[in-house]
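Student: What follows is a single structure, and I will ask about it in a moment.
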Amino acid sequence: MKVDDYEFYAESFDILDSTYSEWLSEKTNLLSSLLEGKKIIEVGCGSGLLLQYLSKELDLTGVDFSQGNLDKAKEKNPHVKFFKADLNDKNSWVEHVNSYDSVLCSEVIEHIKDDKTALEILFLLLKPNGVLIITVPAFKLLLSEFDIKEGHYRRYSKKEISCLVEQSGFKIEESRYWNVFGFFGWLFFIKILNLNLKKSSNSLFASIMGKFLKIERRIKFPFGQTVIIKARKPN
């Protein structure tokens with residue numbers, strides 16, 4: 001995978017921003033409720049989809065490995081600071097150690113071959129007592145050809161990603177599966193029918209999924225398309 005290959009992901013970004021905007025809004029609301037403090041960094045911000053939903057009262061920073069992603073993110077979020085860095089390279093983060101109240105890292109770790117080193121970098125970015133909010137795709141059962149084309153090395157169980165986070169020095173405060181409807185949609189359209197995100201995109205399904213996610217604000221289900229974790233860096 002080329003570092004500056006924005007086009008590789010651009011189609012997926014556009015679909016999430018349009019057809020799945022209700023899903024995106026629900027996801028950002030949930031993640032926002034877990035953040036603490038004012039100084040927030042999103043690692044792997046892509047084209048800035050999540051950042052545009054976060055409060056402009058926060059001191060926000062976005063980071064990505066791709067200059068193409070960063071250029072797009074800046075267009076959508078002129079109020080946000082950005083810099084380029086790579087979770088495969090500890091040296092690109094030296095100036096930002098112990099700097100942030102919260103680190104948000106959504107759908108990123110699965111793209112990193114050495115996920116242990118990536119978690120260690122996220123740990124270093126946080127101030128003592130800071131929190132990490134991480135999301136990863138769930139269940140090896142759902143791993144598809146589309147996952148591989150998107151650069152996913154793996155999918156995680158809640159136990160697997162929790163163990164990795166704890167081994168990196170964090171104390172987990174919350175872990176859950178999320179997006180039950182997305183689990184079935186991904187299994188049928190992406191895994192079984194072998195469609196890509198564009199071909200499987202369906203506005204009716206997206207609308208139903210968005211409505212069901214409002215139920216997931218109050219109820220935690222024992223499975224879902226995504227694992228969400230909140231973990232704290234000890235004092």
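Each chain in the structure tokens gets a letter, A, B, ..., in the order shown, and its residues are numbered from 1; ligands are numbered from 1 in order too.
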Quick one: everything within 8 Å of region 27-32 of chain A, counting only C-alpha atoms, minus sequence neighbours fewer than 2 positions away in the same chain. Send it as a ChimeraX atom specification.

Tutor: /A:23-25,34-35,50,53-54,133,217

Student: Show which residues sit within 9 Å of Leu141 (chain A), as a PyMOL selection string. Count only C-alpha atoms, and ignore same-chain residues fewer than 5 positions away.

Tutor: chain A and resi 155+187+191

Student: Would you mind listing what lies within 12 Å of Lys159 (chain A) as a VMD selection string, with only C-alpha atoms counted and same-chain residues fewer than 2 positions away left out?

Tutor: chain A and resid 138 to 139 155 to 157 161 to 166 172 175 to 177 227 to 229

Student: From the DSSP assignment of the backbone, select every residue of region 145-199 of chain A that is strand (DSSP E), and format the answer as a list in words.

Tutor: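 DSSP on the backbone gives strand (DSSP E) at Lys171, Ile172, Glu173, Glu174, Ser175, Arg176, Tyr177 and Trp178 of chain A.
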
Student: Produce a file of the selected residues containing N, CA and C atoms, as a PDB file, in the first residue's frame.

Tutor:
```pdb
ATOM      1  N   LYS A 171      -5.431   0.766  31.089  1.00  0.00           N
ATOM      2  CA  LYS A 171      -6.454   0.117  31.904  1.00  0.00           C
ATOM      3  C   LYS A 171      -7.802   0.324  31.228  1.00  0.00           C
ATOM      4  N   ILE A 172      -8.448  -0.755  30.831  1.00  0.00           N
ATOM      5  CA  ILE A 172      -9.706  -0.663  30.103  1.00  0.00           C
ATOM      6  C   ILE A 172     -10.847  -0.301  31.041  1.00  0.00           C
ATOM      7  N   GLU A 173     -11.633   0.701  30.647  1.00  0.00           N
ATOM      8  CA  GLU A 173     -12.789   1.131  31.434  1.00  0.00           C
ATOM      9  C   GLU A 173     -14.115   0.715  30.795  1.00  0.00           C
ATOM     10  N   GLU A 174     -14.115   0.550  29.486  1.00  0.00           N
ATOM     11  CA  GLU A 174     -15.338   0.125  28.802  1.00  0.00           C
ATOM     12  C   GLU A 174     -14.967  -0.593  27.513  1.00  0.00           C
ATOM     13  N   SER A 175     -15.667  -1.687  27.227  1.00  0.00           N
ATOM     14  CA  SER A 175     -15.501  -2.378  25.949  1.00  0.00           C
ATOM     15  C   SER A 175     -16.849  -2.948  25.538  1.00  0.00           C
ATOM     16  N   ARG A 176     -17.145  -2.863  24.247  1.00  0.00           N
ATOM     17  CA  ARG A 176     -18.451  -3.319  23.784  1.00  0.00           C
ATOM     18  C   ARG A 176     -18.407  -3.602  22.281  1.00  0.00           C
ATOM     19  N   TYR A 177     -19.326  -4.467  21.853  1.00  0.00           N
ATOM     20  CA  TYR A 177     -19.601  -4.595  20.432  1.00  0.00           C
ATOM     21  C   TYR A 177     -20.642  -3.549  20.054  1.00  0.00           C
ATOM     22  N   TRP A 178     -20.646  -3.165  18.782  1.00  0.00           N
ATOM     23  CA  TRP A 178     -21.545  -2.112  18.303  1.00  0.00           C
ATOM     24  C   TRP A 178     -21.902  -2.361  16.847  1.00  0.00           C
TER      25      TRP A 178
END
```

Student: For Ser47 (chain A), which residue out of A:Gly130, A:Gly224, A:Gly169, A:Gly62 is the nearest one, using only C-alpha atoms?

Tutor: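 Looking only at the distances to Ser47 (chain A), the closest residue turns out to be A:Gly62.
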
Student: Could you tell me how far CA of Thr226 (chain A) sits from CA of Phe212 (chain A), in Å to one decimal place?

Tutor: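 These two atoms are separated by 14.6 Å.
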
Student: Would you compute the distance between CA of Lys39 (chain A) and CA of Leu60 (chain A)? Give it in Å to one decimal.

Tutor: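 These two atoms are separated by 6.2 Å.
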
Student: Using only C-alpha atoms, find the one residue out of A:Ser203, A:Ser92, A:Thr135, A:Ser55 that sits nearest to Ser106 (chain A).

Tutor: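 Looking at the shortest contact to Ser106 (chain A), the residue is A:Thr135.
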
Student: Please, which residues of region 6-82 of chain A, numbered as in this document, come out helix (DSSP H, G or I) from DSSP, as a PyMOL selection string?

Tutor: chain A and resi 7-18+21-34+51-53+67-76

Student: Those same residues, written as a compact mmCIF listing (two decimals), in the first residue's frame with N, CA, C and O atoms?

Tutor:
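The file below, again_38.txt, is the result:
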```
# COMPACT_ATOMS: atom_id res chain seq x y z
N GLU A 7 -6.67 7.91 -3.39
CA GLU A 7 -7.74 7.38 -4.23
C GLU A 7 -8.17 5.99 -3.80
O GLU A 7 -9.31 5.58 -4.02
N PHE A 8 -7.28 5.25 -3.19
CA PHE A 8 -7.59 3.89 -2.74
C PHE A 8 -8.77 3.88 -1.78
O PHE A 8 -9.58 2.96 -1.75
N TYR A 9 -8.89 4.94 -0.97
CA TYR A 9 -9.94 5.01 0.04
C TYR A 9 -11.05 6.01 -0.29
O TYR A 9 -12.08 6.02 0.37
N ALA A 10 -10.85 6.87 -1.29
CA ALA A 10 -11.76 7.99 -1.52
C ALA A 10 -13.20 7.55 -1.74
O ALA A 10 -14.12 8.17 -1.24
N GLU A 11 -13.39 6.47 -2.51
CA GLU A 11 -14.74 6.00 -2.79
C GLU A 11 -15.47 5.61 -1.50
O GLU A 11 -16.63 5.95 -1.30
N SER A 12 -14.79 4.89 -0.61
CA SER A 12 -15.39 4.49 0.67
C SER A 12 -15.74 5.71 1.51
O SER A 12 -16.80 5.77 2.14
N PHE A 13 -14.85 6.71 1.55
CA PHE A 13 -15.12 7.92 2.31
C PHE A 13 -16.39 8.59 1.81
O PHE A 13 -17.23 9.02 2.59
N ASP A 14 -16.53 8.71 0.48
CA ASP A 14 -17.69 9.40 -0.09
C ASP A 14 -18.99 8.68 0.26
O ASP A 14 -20.00 9.32 0.56
N ILE A 15 -18.99 7.35 0.21
CA ILE A 15 -20.20 6.58 0.52
C ILE A 15 -20.58 6.74 1.98
O ILE A 15 -21.76 6.92 2.32
N LEU A 16 -19.59 6.71 2.87
CA LEU A 16 -19.88 6.87 4.29
C LEU A 16 -20.43 8.26 4.58
O LEU A 16 -21.30 8.43 5.43
N ASP A 17 -19.96 9.25 3.84
CA ASP A 17 -20.36 10.63 4.08
C ASP A 17 -21.76 10.93 3.52
O ASP A 17 -22.39 11.90 3.92
N SER A 18 -22.23 10.09 2.61
CA SER A 18 -23.54 10.34 2.00
C SER A 18 -24.55 9.28 2.42
O SER A 18 -25.39 9.51 3.30
N SER A 21 -24.57 8.50 6.28
CA SER A 21 -24.36 9.67 7.13
C SER A 21 -25.00 9.51 8.51
O SER A 21 -24.48 10.00 9.52
N GLU A 22 -26.15 8.83 8.57
CA GLU A 22 -26.81 8.62 9.86
C GLU A 22 -25.99 7.68 10.74
O GLU A 22 -25.85 7.90 11.94
N TRP A 23 -25.41 6.66 10.13
CA TRP A 23 -24.48 5.77 10.84
C TRP A 23 -23.29 6.57 11.35
O TRP A 23 -22.87 6.41 12.51
N LEU A 24 -22.76 7.43 10.51
CA LEU A 24 -21.59 8.23 10.88
C LEU A 24 -21.91 9.16 12.04
O LEU A 24 -21.11 9.32 12.96
N SER A 25 -23.09 9.76 12.00
CA SER A 25 -23.50 10.66 13.07
C SER A 25 -23.66 9.91 14.39
O SER A 25 -23.20 10.38 15.45
N GLU A 26 -24.30 8.74 14.36
CA GLU A 26 -24.48 7.95 15.57
C GLU A 26 -23.13 7.50 16.13
O GLU A 26 -22.91 7.51 17.35
N LYS A 27 -22.24 7.09 15.25
CA LYS A 27 -20.92 6.65 15.69
C LYS A 27 -20.17 7.79 16.36
O LYS A 27 -19.59 7.61 17.44
N THR A 28 -20.19 8.96 15.74
CA THR A 28 -19.46 10.09 16.31
C THR A 28 -20.07 10.53 17.63
O THR A 28 -19.33 10.91 18.56
N ASN A 29 -21.39 10.49 17.75
CA ASN A 29 -22.03 10.83 19.03
C ASN A 29 -21.58 9.90 20.14
O ASN A 29 -21.32 10.34 21.27
N LEU A 30 -21.50 8.61 19.83
CA LEU A 30 -21.07 7.64 20.82
C LEU A 30 -19.62 7.87 21.22
O LEU A 30 -19.27 7.91 22.41
N LEU A 31 -18.75 8.06 20.23
CA LEU A 31 -17.34 8.28 20.52
C LEU A 31 -17.13 9.58 21.28
O LEU A 31 -16.31 9.65 22.20
N SER A 32 -17.89 10.61 20.92
CA SER A 32 -17.77 11.91 21.61
C SER A 32 -18.11 11.79 23.09
O SER A 32 -17.51 12.47 23.92
N SER A 33 -19.09 10.93 23.40
CA SER A 33 -19.50 10.76 24.80
C SER A 33 -18.41 10.11 25.64
O SER A 33 -18.44 10.19 26.87
N LEU A 34 -17.44 9.47 24.98
CA LEU A 34 -16.37 8.79 25.70
C LEU A 34 -15.12 9.65 25.85
O LEU A 34 -14.26 9.36 26.69
N LEU A 51 -14.02 14.10 12.35
CA LEU A 51 -13.67 15.41 12.90
C LEU A 51 -14.75 16.46 12.65
O LEU A 51 -14.99 17.33 13.48
N GLN A 52 -15.43 16.35 11.50
CA GLN A 52 -16.44 17.36 11.18
C GLN A 52 -17.66 17.27 12.07
O GLN A 52 -18.46 18.21 12.15
N TYR A 53 -17.82 16.14 12.79
CA TYR A 53 -18.95 15.97 13.70
C TYR A 53 -18.59 16.32 15.15
O TYR A 53 -19.47 16.40 15.99
N GLN A 67 -0.88 12.19 2.58
CA GLN A 67 -1.05 13.62 2.33
C GLN A 67 -2.36 13.90 1.61
O GLN A 67 -3.01 14.92 1.83
N GLY A 68 -2.78 12.97 0.75
CA GLY A 68 -4.06 13.12 0.08
C GLY A 68 -5.21 13.17 1.05
O GLY A 68 -6.14 13.99 0.93
N ASN A 69 -5.20 12.28 2.05
CA ASN A 69 -6.22 12.30 3.10
C ASN A 69 -6.20 13.62 3.85
O ASN A 69 -7.26 14.21 4.12
N LEU A 70 -5.01 14.08 4.22
CA LEU A 70 -4.89 15.31 5.00
C LEU A 70 -5.40 16.52 4.23
O LEU A 70 -6.07 17.40 4.79
N ASP A 71 -5.11 16.58 2.93
CA ASP A 71 -5.59 17.69 2.11
C ASP A 71 -7.11 17.74 2.10
O ASP A 71 -7.72 18.81 2.22
N LYS A 72 -7.73 16.58 1.96
CA LYS A 72 -9.20 16.50 1.96
C LYS A 72 -9.76 16.87 3.33
O LYS A 72 -10.77 17.58 3.44
N ALA A 73 -9.10 16.37 4.40
CA ALA A 73 -9.56 16.65 5.76
C ALA A 73 -9.49 18.15 6.07
O ALA A 73 -10.37 18.69 6.74
N LYS A 74 -8.45 18.82 5.58
CA LYS A 74 -8.30 20.26 5.82
C LYS A 74 -9.42 21.05 5.15
O LYS A 74 -9.89 22.06 5.69
N GLU A 75 -9.85 20.61 3.98
CA GLU A 75 -10.95 21.28 3.29
C GLU A 75 -12.23 21.23 4.11
O GLU A 75 -12.98 22.21 4.18
N LYS A 76 -12.50 20.08 4.74
CA LYS A 76 -13.72 19.90 5.51
C LYS A 76 -13.63 20.53 6.90
O LYS A 76 -14.65 20.86 7.50
```

Student: Write out as an mmCIF file with all heavy atoms, in the first residue's frame which residues come within 9 Å of Ile121 (chain A) when counting only C-alpha atoms, dropping same-chain ones fewer than 4 positions away.

Tutor:
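The resulting out26.cif:
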```cif
data_model
loop_
_atom_site.group_PDB
_atom_site.id
_atom_site.type_symbol
_atom_site.label_atom_id
_atom_site.label_comp_id
_atom_site.auth_asym_id
_atom_site.auth_seq_id
_atom_site.Cartn_x
_atom_site.Cartn_y
_atom_site.Cartn_z
ATOM 1 N N LEU A 87 1.887 5.313 11.958
ATOM 2 C CA LEU A 87 1.890 4.416 13.122
ATOM 3 C C LEU A 87 2.884 3.264 12.976
ATOM 4 O O LEU A 87 3.050 2.476 13.899
ATOM 5 C CB LEU A 87 0.494 3.855 13.370
ATOM 6 C CG LEU A 87 -0.482 4.775 14.104
ATOM 7 C CD1 LEU A 87 -1.860 4.141 14.178
ATOM 8 C CD2 LEU A 87 0.021 5.113 15.507
ATOM 9 N N ASP A 89 5.994 4.081 12.410
ATOM 10 C CA ASP A 89 7.258 4.775 12.649
ATOM 11 C C ASP A 89 7.162 5.620 13.918
ATOM 12 O O ASP A 89 6.558 6.697 13.926
ATOM 13 C CB ASP A 89 7.588 5.661 11.443
ATOM 14 C CG ASP A 89 8.857 6.467 11.624
ATOM 15 O OD1 ASP A 89 9.677 6.101 12.498
ATOM 16 O OD2 ASP A 89 9.028 7.459 10.887
ATOM 17 N N LYS A 90 7.783 5.158 14.996
ATOM 18 C CA LYS A 90 7.749 5.893 16.264
ATOM 19 C C LYS A 90 8.397 7.267 16.163
ATOM 20 O O LYS A 90 8.004 8.202 16.861
ATOM 21 C CB LYS A 90 8.433 5.078 17.366
ATOM 22 C CG LYS A 90 7.601 3.936 17.909
ATOM 23 C CD LYS A 90 8.272 3.295 19.129
ATOM 24 C CE LYS A 90 7.372 2.228 19.738
ATOM 25 N NZ LYS A 90 7.977 1.614 20.945
ATOM 26 N N TRP A 93 6.488 10.713 15.742
ATOM 27 C CA TRP A 93 5.584 11.184 16.797
ATOM 28 C C TRP A 93 6.321 11.841 17.968
ATOM 29 O O TRP A 93 5.682 12.271 18.941
ATOM 30 C CB TRP A 93 4.775 10.008 17.350
ATOM 31 C CG TRP A 93 4.005 9.274 16.312
ATOM 32 C CD1 TRP A 93 4.436 8.209 15.558
ATOM 33 C CD2 TRP A 93 2.675 9.546 15.881
ATOM 34 N NE1 TRP A 93 3.458 7.802 14.698
ATOM 35 C CE2 TRP A 93 2.351 8.596 14.866
ATOM 36 C CE3 TRP A 93 1.704 10.474 16.261
ATOM 37 C CZ2 TRP A 93 1.123 8.565 14.227
ATOM 38 C CZ3 TRP A 93 0.474 10.453 15.630
ATOM 39 C CH2 TRP A 93 0.193 9.506 14.618
ATOM 40 N N VAL A 97 4.631 13.556 22.242
ATOM 41 C CA VAL A 97 4.529 12.661 23.394
ATOM 42 C C VAL A 97 3.939 13.408 24.597
ATOM 43 O O VAL A 97 4.253 14.577 24.836
ATOM 44 C CB VAL A 97 5.928 12.087 23.739
ATOM 45 C CG1 VAL A 97 5.903 11.346 25.071
ATOM 46 C CG2 VAL A 97 6.393 11.150 22.624
ATOM 47 N N LYS A 116 0.871 -3.999 17.800
ATOM 48 C CA LYS A 116 1.410 -3.771 19.150
ATOM 49 C C LYS A 116 2.189 -2.452 19.209
ATOM 50 O O LYS A 116 2.002 -1.642 20.128
ATOM 51 C CB LYS A 116 2.311 -4.933 19.561
ATOM 52 C CG LYS A 116 2.817 -4.844 20.998
ATOM 53 C CD LYS A 116 3.626 -6.088 21.358
ATOM 54 C CE LYS A 116 4.044 -6.070 22.829
ATOM 55 N NZ LYS A 116 4.942 -4.927 23.126
ATOM 56 N N THR A 117 3.051 -2.211 18.231
ATOM 57 C CA THR A 117 3.798 -0.952 18.181
ATOM 58 C C THR A 117 2.858 0.234 18.020
ATOM 59 O O THR A 117 3.056 1.292 18.628
ATOM 60 C CB THR A 117 4.816 -0.973 17.030
ATOM 61 O OG1 THR A 117 5.805 -1.968 17.292
ATOM 62 C CG2 THR A 117 5.515 0.372 16.880
ATOM 63 N N LEU A 125 1.313 9.203 23.222
ATOM 64 C CA LEU A 125 0.717 10.494 22.881
ATOM 65 C C LEU A 125 -0.082 11.097 24.026
ATOM 66 O O LEU A 125 -0.217 12.321 24.125
ATOM 67 C CB LEU A 125 -0.204 10.338 21.665
ATOM 68 C CG LEU A 125 0.457 9.958 20.332
ATOM 69 C CD1 LEU A 125 -0.621 9.747 19.273
ATOM 70 C CD2 LEU A 125 1.441 11.022 19.895
#
```

Student: Under the rule that only C-alpha atoms are counted, which of A:Gly46, A:Leu119, A:Asn91, A:Phe65 is the nearest residue to Asn77 (chain A)?

Tutor: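 Of A:Gly46, A:Leu119, A:Asn91, A:Phe65, the one nearest Asn77 (chain A) is A:Gly46, counting only C-alpha atoms.
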